[in-house]
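What follows is one structure encoded as structure tokens, with my remarks underneath.
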Amino acid sequence: MRVPTSIPGFDELVEGGFVENDVILVTGGPGAGKTTFGIQYLYEGISRYNEPGIYLTLEESPARTIRNMWRFNWDLERLIKEDKLRIISADRPIYEKHSYQSINSDSNSDERETTIETLIKNIAYQMHEIGAKRLVIDSITSLKISADPVEVRHLILGFITQLEKLDCTTLVTSELPDKSENFSVEEYLVEGVVRLHTFRVGGRKNRAIEILKMRGVKHDEQIHHYSITDNGIIIRKGTASP
Ligand SMILES: Nc1ncnc2c1ncn2[C@@H]1O[C@H](COP(=O)(O)OP(=O)(O)O)[C@@H](O)[C@H]1O
Ligand SMILES: [Mg+2]
């Protein structure tokens, strides 16, 4: 079973859409369009397939997200009123507190587990309430508040494992420095990775999209141009090189 994003030009790169119930990562630098990609996936799911969705924001306030998405004429407030969309905002300081505790040797790591668990329970509860089939987590980078890579890996692994258990097709965003050649921990853990490249050619900003992996899918392996327009993201097939 496939879950089409209906983002113009995208689904044909992955044989029709995401595999149902997979966790897919969308990575890119600041301003690459990760939030737009995520909201577009939810918006199209609701308007074309009547599939309710959940958006978990770990960065912007829900009010800011709603306001920003107006520029694409996406009326998220209406979708929330119709019980087709829920925006959940997570409390970042909680993670900071628990991370701080677990760095210290007398830490109670159960408490941190509980925090992730509480967040997942909240998502599962809201999912059940509106019958959500699509979930977006924006962004997982906000959870990487520890300086200890082992700690970060443990936290991200725990979170993604819990997301995989949910009966939802999940898109997770993650922040990546421009032109980074390194892989981040979450890229190894998820079923699929979509990378949004931004780069400059002669002073002009260019955008290119690439499917790095999609387990069980004969996915496209080229790099394609994409633009952010008044109607959201559009992918133009044809090679682009970052
Ligand atoms: N109508 C528009 N036309 C062209 N570009 C736009 C439009 N609206 C927003 N953008 C671009 O979208 C980018 C923001 O995308 P966003 O999804 O917030 O990125 P990210 O979440 O990766 O930081 C901005 O950098 C801006 O250049
Ligand atoms: Mg964003």
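Residues are named by chain letter and number: chains run A, B, ... in the order of the structure tokens, numbers start at 1 in each chain, and ligands are numbered from 1 in the order shown.
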Going by DSSP on the backbone, which bits of segment 106-167 of chain A are alpha helix (DSSP H)? Write them as a PyMOL selection string, please. chain A and resi 109-130+149-165
Write the residues you've just listed into a file as a short mmCIF file (atom, residue, chain, number, x, y, z; two decimals), in the first residue's frame, and include N, CA, C and O atoms for each of them.
```
data_model
loop_
_atom_site.label_atom_id
_atom_site.label_comp_id
_atom_site.auth_asym_id
_atom_site.auth_seq_id
_atom_site.Cartn_x
_atom_site.Cartn_y
_atom_site.Cartn_z
N SER A 109 17.50 7.53 34.23
CA SER A 109 17.22 7.51 32.80
C SER A 109 15.75 7.12 32.52
O SER A 109 15.22 7.40 31.47
N ASP A 110 15.11 6.49 33.49
CA ASP A 110 13.70 6.13 33.34
C ASP A 110 12.86 7.38 33.09
O ASP A 110 11.90 7.36 32.34
N GLU A 111 13.27 8.45 33.76
CA GLU A 111 12.50 9.67 33.66
C GLU A 111 12.50 10.22 32.24
O GLU A 111 11.49 10.69 31.74
N ARG A 112 13.68 10.11 31.59
CA ARG A 112 13.76 10.57 30.21
C ARG A 112 12.90 9.69 29.30
O ARG A 112 12.19 10.16 28.44
N GLU A 113 12.97 8.38 29.55
CA GLU A 113 12.14 7.44 28.78
C GLU A 113 10.67 7.83 28.91
O GLU A 113 9.93 7.82 27.95
N THR A 114 10.30 8.19 30.12
CA THR A 114 8.91 8.56 30.38
C THR A 114 8.52 9.77 29.54
O THR A 114 7.42 9.86 29.03
N THR A 115 9.45 10.69 29.39
CA THR A 115 9.14 11.90 28.64
C THR A 115 8.84 11.58 27.17
O THR A 115 7.83 12.02 26.64
N ILE A 116 9.71 10.78 26.55
CA ILE A 116 9.46 10.36 25.17
C ILE A 116 8.16 9.57 25.12
O ILE A 116 7.34 9.76 24.22
N GLU A 117 7.98 8.73 26.10
CA GLU A 117 6.78 7.90 26.17
C GLU A 117 5.52 8.76 26.28
O GLU A 117 4.52 8.49 25.62
N THR A 118 5.61 9.80 27.11
CA THR A 118 4.47 10.70 27.28
C THR A 118 4.11 11.39 25.97
O THR A 118 2.94 11.50 25.60
N LEU A 119 5.16 11.80 25.26
CA LEU A 119 4.97 12.47 23.98
C LEU A 119 4.30 11.52 22.98
O LEU A 119 3.34 11.88 22.30
N ILE A 120 4.80 10.29 22.92
CA ILE A 120 4.25 9.30 22.01
C ILE A 120 2.80 8.98 22.38
O ILE A 120 1.93 8.86 21.52
N LYS A 121 2.55 8.88 23.68
CA LYS A 121 1.18 8.60 24.14
C LYS A 121 0.23 9.70 23.72
O LYS A 121 -0.90 9.46 23.31
N ASN A 122 0.69 10.93 23.84
CA ASN A 122 -0.11 12.09 23.44
C ASN A 122 -0.42 12.02 21.94
O ASN A 122 -1.57 12.20 21.52
N ILE A 123 0.62 11.71 21.13
CA ILE A 123 0.42 11.59 19.68
C ILE A 123 -0.60 10.49 19.40
O ILE A 123 -1.54 10.68 18.63
N ALA A 124 -0.41 9.33 20.05
CA ALA A 124 -1.30 8.18 19.81
C ALA A 124 -2.75 8.52 20.20
O ALA A 124 -3.69 8.14 19.50
N TYR A 125 -2.91 9.27 21.28
CA TYR A 125 -4.23 9.67 21.74
C TYR A 125 -4.92 10.59 20.71
O TYR A 125 -6.07 10.36 20.33
N GLN A 126 -4.16 11.59 20.24
CA GLN A 126 -4.72 12.54 19.26
C GLN A 126 -5.00 11.83 17.92
O GLN A 126 -6.00 12.11 17.26
N MET A 127 -4.11 10.88 17.57
CA MET A 127 -4.29 10.09 16.35
C MET A 127 -5.62 9.35 16.38
O MET A 127 -6.39 9.35 15.42
N HIS A 128 -5.85 8.72 17.53
CA HIS A 128 -7.07 7.94 17.72
C HIS A 128 -8.30 8.85 17.64
O HIS A 128 -9.31 8.50 17.03
N GLU A 129 -8.21 10.02 18.26
CA GLU A 129 -9.34 10.94 18.32
C GLU A 129 -9.83 11.41 16.95
O GLU A 129 -11.03 11.56 16.72
N ILE A 130 -8.89 11.67 16.02
CA ILE A 130 -9.32 12.17 14.70
C ILE A 130 -9.14 11.12 13.60
O ILE A 130 -9.40 11.38 12.44
N PRO A 149 27.30 12.20 22.02
CA PRO A 149 26.75 11.52 20.84
C PRO A 149 26.05 10.20 21.18
O PRO A 149 25.09 9.82 20.52
N VAL A 150 26.53 9.52 22.22
CA VAL A 150 25.91 8.25 22.63
C VAL A 150 24.50 8.52 23.17
O VAL A 150 23.53 7.83 22.85
N GLU A 151 24.40 9.55 23.96
CA GLU A 151 23.13 9.98 24.53
C GLU A 151 22.14 10.37 23.42
O GLU A 151 20.98 9.96 23.41
N VAL A 152 22.63 11.14 22.44
CA VAL A 152 21.80 11.59 21.32
C VAL A 152 21.30 10.37 20.53
O VAL A 152 20.12 10.25 20.23
N ARG A 153 22.21 9.45 20.25
CA ARG A 153 21.86 8.26 19.48
C ARG A 153 20.78 7.45 20.18
O ARG A 153 19.82 6.99 19.57
N HIS A 154 20.94 7.32 21.49
CA HIS A 154 20.00 6.56 22.30
C HIS A 154 18.60 7.21 22.26
O HIS A 154 17.59 6.54 22.09
N LEU A 155 18.58 8.52 22.40
CA LEU A 155 17.33 9.27 22.40
C LEU A 155 16.61 9.18 21.06
O LEU A 155 15.42 8.90 20.97
N ILE A 156 17.38 9.39 19.97
CA ILE A 156 16.80 9.38 18.62
C ILE A 156 16.33 7.96 18.26
O ILE A 156 15.24 7.78 17.72
N LEU A 157 17.15 6.96 18.63
CA LEU A 157 16.79 5.57 18.37
C LEU A 157 15.48 5.23 19.08
O LEU A 157 14.57 4.64 18.50
N GLY A 158 15.39 5.63 20.35
CA GLY A 158 14.18 5.36 21.14
C GLY A 158 12.96 6.02 20.52
O GLY A 158 11.89 5.40 20.40
N PHE A 159 13.13 7.25 20.09
CA PHE A 159 12.01 8.01 19.54
C PHE A 159 11.53 7.40 18.22
O PHE A 159 10.33 7.17 18.03
N ILE A 160 12.48 7.08 17.32
CA ILE A 160 12.09 6.51 16.02
C ILE A 160 11.47 5.13 16.18
O ILE A 160 10.49 4.78 15.51
N THR A 161 11.99 4.33 17.12
CA THR A 161 11.42 3.01 17.38
C THR A 161 9.95 3.14 17.81
O THR A 161 9.09 2.38 17.37
N GLN A 162 9.68 4.13 18.66
CA GLN A 162 8.30 4.35 19.12
C GLN A 162 7.41 4.82 17.97
O GLN A 162 6.26 4.40 17.85
N LEU A 163 7.96 5.68 17.10
CA LEU A 163 7.18 6.19 15.96
C LEU A 163 6.80 5.05 15.02
O LEU A 163 5.71 5.04 14.45
N GLU A 164 7.72 4.08 14.89
CA GLU A 164 7.47 2.95 13.99
C GLU A 164 6.31 2.09 14.46
O GLU A 164 5.65 1.43 13.66
N LYS A 165 6.05 2.11 15.75
CA LYS A 165 4.97 1.28 16.30
C LYS A 165 3.59 1.90 16.06
O LYS A 165 2.58 1.22 16.17
#
```
What are the closest atom pairs, with distances in Å to one decimal, for all residues of chain A lying within 12 Å of ligand 1? Consider only C-alpha atoms and all ligand atoms, order rows by chain and residue number, and present the result as JSON lines.
```
{"residue": "A:Val26", "atom": "CA", "partner": "ligand 1", "partner_atom_place_in_ligand_line": "22 (O)", "distance": 9.1}
{"residue": "A:Thr27", "atom": "CA", "partner": "ligand 1", "partner_atom_place_in_ligand_line": "22 (O)", "distance": 8.0}
{"residue": "A:Gly28", "atom": "CA", "partner": "ligand 1", "partner_atom_place_in_ligand_line": "22 (O)", "distance": 6.1}
{"residue": "A:Gly29", "atom": "CA", "partner": "ligand 1", "partner_atom_place_in_ligand_line": "22 (O)", "distance": 6.0}
{"residue": "A:Pro30", "atom": "CA", "partner": "ligand 1", "partner_atom_place_in_ligand_line": "23 (O)", "distance": 4.0}
{"residue": "A:Gly31", "atom": "CA", "partner": "ligand 1", "partner_atom_place_in_ligand_line": "23 (O)", "distance": 3.5}
{"residue": "A:Ala32", "atom": "CA", "partner": "ligand 1", "partner_atom_place_in_ligand_line": "22 (O)", "distance": 3.8}
{"residue": "A:Gly33", "atom": "CA", "partner": "ligand 1", "partner_atom_place_in_ligand_line": "17 (O)", "distance": 3.2}
{"residue": "A:Lys34", "atom": "CA", "partner": "ligand 1", "partner_atom_place_in_ligand_line": "22 (O)", "distance": 3.7}
{"residue": "A:Thr35", "atom": "CA", "partner": "ligand 1", "partner_atom_place_in_ligand_line": "17 (O)", "distance": 3.7}
{"residue": "A:Thr36", "atom": "CA", "partner": "ligand 1", "partner_atom_place_in_ligand_line": "17 (O)", "distance": 3.7}
{"residue": "A:Phe37", "atom": "CA", "partner": "ligand 1", "partner_atom_place_in_ligand_line": "17 (O)", "distance": 6.4}
{"residue": "A:Gly38", "atom": "CA", "partner": "ligand 1", "partner_atom_place_in_ligand_line": "17 (O)", "distance": 8.0}
{"residue": "A:Ile39", "atom": "CA", "partner": "ligand 1", "partner_atom_place_in_ligand_line": "17 (O)", "distance": 8.4}
{"residue": "A:Gln40", "atom": "CA", "partner": "ligand 1", "partner_atom_place_in_ligand_line": "17 (O)", "distance": 9.6}
{"residue": "A:Tyr41", "atom": "CA", "partner": "ligand 1", "partner_atom_place_in_ligand_line": "17 (O)", "distance": 11.9}
{"residue": "A:Thr57", "atom": "CA", "partner": "ligand 1", "partner_atom_place_in_ligand_line": "21 (O)", "distance": 10.9}
{"residue": "A:Leu58", "atom": "CA", "partner": "ligand 1", "partner_atom_place_in_ligand_line": "21 (O)", "distance": 11.6}
{"residue": "A:Glu59", "atom": "CA", "partner": "ligand 1", "partner_atom_place_in_ligand_line": "21 (O)", "distance": 9.7}
{"residue": "A:Glu60", "atom": "CA", "partner": "ligand 1", "partner_atom_place_in_ligand_line": "21 (O)", "distance": 9.7}
{"residue": "A:Arg64", "atom": "CA", "partner": "ligand 1", "partner_atom_place_in_ligand_line": "18 (O)", "distance": 10.6}
{"residue": "A:Thr65", "atom": "CA", "partner": "ligand 1", "partner_atom_place_in_ligand_line": "18 (O)", "distance": 8.8}
{"residue": "A:Ile66", "atom": "CA", "partner": "ligand 1", "partner_atom_place_in_ligand_line": "18 (O)", "distance": 11.6}
{"residue": "A:Arg67", "atom": "CA", "partner": "ligand 1", "partner_atom_place_in_ligand_line": "18 (O)", "distance": 11.4}
{"residue": "A:Asn68", "atom": "CA", "partner": "ligand 1", "partner_atom_place_in_ligand_line": "18 (O)", "distance": 7.9}
{"residue": "A:Met69", "atom": "CA", "partner": "ligand 1", "partner_atom_place_in_ligand_line": "8 (N)", "distance": 8.4}
{"residue": "A:Trp70", "atom": "CA", "partner": "ligand 1", "partner_atom_place_in_ligand_line": "8 (N)", "distance": 9.4}
{"residue": "A:Arg71", "atom": "CA", "partner": "ligand 1", "partner_atom_place_in_ligand_line": "1 (N)", "distance": 6.1}
{"residue": "A:Phe72", "atom": "CA", "partner": "ligand 1", "partner_atom_place_in_ligand_line": "1 (N)", "distance": 6.4}
{"residue": "A:Asn73", "atom": "CA", "partner": "ligand 1", "partner_atom_place_in_ligand_line": "1 (N)", "distance": 9.6}
{"residue": "A:Trp74", "atom": "CA", "partner": "ligand 1", "partner_atom_place_in_ligand_line": "1 (N)", "distance": 11.7}
{"residue": "A:Ile137", "atom": "CA", "partner": "ligand 1", "partner_atom_place_in_ligand_line": "21 (O)", "distance": 11.4}
{"residue": "A:Asp138", "atom": "CA", "partner": "ligand 1", "partner_atom_place_in_ligand_line": "21 (O)", "distance": 8.0}
{"residue": "A:Ser139", "atom": "CA", "partner": "ligand 1", "partner_atom_place_in_ligand_line": "21 (O)", "distance": 8.4}
{"residue": "A:Ile140", "atom": "CA", "partner": "ligand 1", "partner_atom_place_in_ligand_line": "21 (O)", "distance": 11.9}
{"residue": "A:Thr141", "atom": "CA", "partner": "ligand 1", "partner_atom_place_in_ligand_line": "21 (O)", "distance": 11.7}
{"residue": "A:Val172", "atom": "CA", "partner": "ligand 1", "partner_atom_place_in_ligand_line": "21 (O)", "distance": 11.4}
{"residue": "A:Thr173", "atom": "CA", "partner": "ligand 1", "partner_atom_place_in_ligand_line": "21 (O)", "distance": 8.1}
{"residue": "A:Ser174", "atom": "CA", "partner": "ligand 1", "partner_atom_place_in_ligand_line": "22 (O)", "distance": 8.6}
{"residue": "A:Glu175", "atom": "CA", "partner": "ligand 1", "partner_atom_place_in_ligand_line": "22 (O)", "distance": 7.4}
{"residue": "A:Leu176", "atom": "CA", "partner": "ligand 1", "partner_atom_place_in_ligand_line": "22 (O)", "distance": 9.3}
{"residue": "A:Pro177", "atom": "CA", "partner": "ligand 1", "partner_atom_place_in_ligand_line": "22 (O)", "distance": 10.9}
{"residue": "A:Asp178", "atom": "CA", "partner": "ligand 1", "partner_atom_place_in_ligand_line": "22 (O)", "distance": 11.1}
{"residue": "A:Arg195", "atom": "CA", "partner": "ligand 1", "partner_atom_place_in_ligand_line": "22 (O)", "distance": 10.6}
{"residue": "A:Leu196", "atom": "CA", "partner": "ligand 1", "partner_atom_place_in_ligand_line": "22 (O)", "distance": 8.3}
{"residue": "A:His197", "atom": "CA", "partner": "ligand 1", "partner_atom_place_in_ligand_line": "22 (O)", "distance": 10.0}
{"residue": "A:Thr198", "atom": "CA", "partner": "ligand 1", "partner_atom_place_in_ligand_line": "22 (O)", "distance": 9.8}
{"residue": "A:Arg204", "atom": "CA", "partner": "ligand 1", "partner_atom_place_in_ligand_line": "27 (O)", "distance": 11.9}
{"residue": "A:Lys205", "atom": "CA", "partner": "ligand 1", "partner_atom_place_in_ligand_line": "27 (O)", "distance": 9.2}
{"residue": "A:Asn206", "atom": "CA", "partner": "ligand 1", "partner_atom_place_in_ligand_line": "27 (O)", "distance": 10.7}
{"residue": "A:Arg207", "atom": "CA", "partner": "ligand 1", "partner_atom_place_in_ligand_line": "27 (O)", "distance": 10.4}
{"residue": "A:Tyr226", "atom": "CA", "partner": "ligand 1", "partner_atom_place_in_ligand_line": "5 (N)", "distance": 10.7}
{"residue": "A:Ser227", "atom": "CA", "partner": "ligand 1", "partner_atom_place_in_ligand_line": "4 (C)", "distance": 7.1}
{"residue": "A:Ile228", "atom": "CA", "partner": "ligand 1", "partner_atom_place_in_ligand_line": "5 (N)", "distance": 4.4}
{"residue": "A:Thr229", "atom": "CA", "partner": "ligand 1", "partner_atom_place_in_ligand_line": "3 (N)", "distance": 4.0}
{"residue": "A:Asp230", "atom": "CA", "partner": "ligand 1", "partner_atom_place_in_ligand_line": "1 (N)", "distance": 3.8}
{"residue": "A:Asn231", "atom": "CA", "partner": "ligand 1", "partner_atom_place_in_ligand_line": "1 (N)", "distance": 7.1}
{"residue": "A:Gly232", "atom": "CA", "partner": "ligand 1", "partner_atom_place_in_ligand_line": "1 (N)", "distance": 7.1}
{"residue": "A:Ile233", "atom": "CA", "partner": "ligand 1", "partner_atom_place_in_ligand_line": "5 (N)", "distance": 8.7}
{"residue": "A:Ile234", "atom": "CA", "partner": "ligand 1", "partner_atom_place_in_ligand_line": "4 (C)", "distance": 10.5}
```
When DSSP is applied to the backbone of this structure, which of segment 14-234 of chain A are assigned strand (DSSP E)? Write them out as a PyMOL selection string. chain A and resi 18-19+23-28+53-57+85-89+134-138+169-175+192-201+204-214+223-229+232-234
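When only C-alpha atoms and all ligand atoms are used to compute distances to ligand 2, the closest of the residues A:Ala147, A:Val190, A:Val3, A:Leu56 turns out to be A:Leu56.
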Find the residues near Met214 of chain A: any atom within 12 Å, counting only C-alpha atoms, skip ones fewer than 3 places away on the same chain, and give them as JSON, numbers by chain. {"A": [13, 14, 15, 17, 18, 19, 22, 23, 24, 25, 26, 187, 188, 189, 190, 191, 192, 193, 194, 195, 210, 211, 217, 218, 219, 220, 221]}
Could you turn the residues from that selection into a file that holds C-alpha atoms, as a compact mmCIF listing (two decimals), in the first residue's frame?
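In the end it all went to out.txt:
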```txt
# COMPACT_ATOMS: atom_id res chain seq x y z
CA LEU A 13 10.21 9.16 -7.93
CA VAL A 14 9.13 6.56 -5.35
CA GLU A 15 6.73 4.32 -7.28
CA GLY A 17 4.28 7.37 -2.67
CA PHE A 18 5.61 6.38 0.74
CA VAL A 19 5.13 2.78 1.86
CA ASP A 22 6.97 3.68 7.18
CA VAL A 23 8.98 6.43 8.87
CA ILE A 24 10.54 8.73 6.25
CA LEU A 25 13.12 11.42 6.90
CA VAL A 26 13.27 14.72 5.00
CA GLU A 187 19.34 8.55 8.42
CA TYR A 188 20.43 5.01 9.33
CA LEU A 189 17.37 4.32 11.46
CA VAL A 190 14.50 5.24 9.15
CA GLU A 191 13.03 3.42 6.12
CA GLY A 192 13.52 6.30 3.73
CA VAL A 193 15.61 9.44 3.37
CA VAL A 194 14.79 12.40 1.11
CA ARG A 195 17.41 15.10 0.93
CA GLU A 210 17.35 13.46 -4.07
CA ILE A 211 15.99 10.17 -2.74
CA VAL A 217 11.16 0.64 -3.27
CA LYS A 218 12.77 0.91 -6.69
CA HIS A 219 13.27 4.62 -6.24
CA ASP A 220 14.67 7.25 -8.59
CA GLU A 221 18.41 7.82 -8.17
```
Between atom CA of Leu171 of chain A and atom CA of Asn21 of chain A, what is the distance, to one decimal in Å?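 Atom-to-atom, atom CA of Leu171 of chain A to atom CA of Asn21 of chain A, that is 10.1 Å.
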Separation of atom CA of Ala63 of chain A from atom CA of Ile87 of chain A in Å: 9.5 Å
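We find atom CA of Phe10 of chain A and atom CA of Ile209 of chain A to be spaced 9.3 Å apart.
The shortest atom-to-atom distance to ligand 2, with only C-alpha atoms and all ligand atoms taken into account, belongs to A:Val136 out of A:Ser146, A:Pro8, A:Gly45, A:Val136.
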Kindly indicate which residue among A:Glu12, A:Glu82, A:Ser142, A:Thr5 lies nearest to ligand 2, using only C-alpha atoms and all ligand atoms for the distances. A:Ser142
Compare A:Ile54, A:Ser61, A:Gln222, A:Arg200 by their minimum atom-to-atom distance to ligand 2, counting only C-alpha atoms and all ligand atoms, and give me the closest one.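 Selected residue with least distance to ligand 2: A:Ser61.
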Test item: residues at most 7 Å from Arg134 of chain A, only C-alpha atoms, excluding those fewer than 2 positions along its chain, as a list of chain:residue names: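 That gives A:Leu42, A:Pro52, A:Gly53, A:Ile54, A:Ala132, A:Val136, A:Cys168, A:Thr169, A:Thr170.
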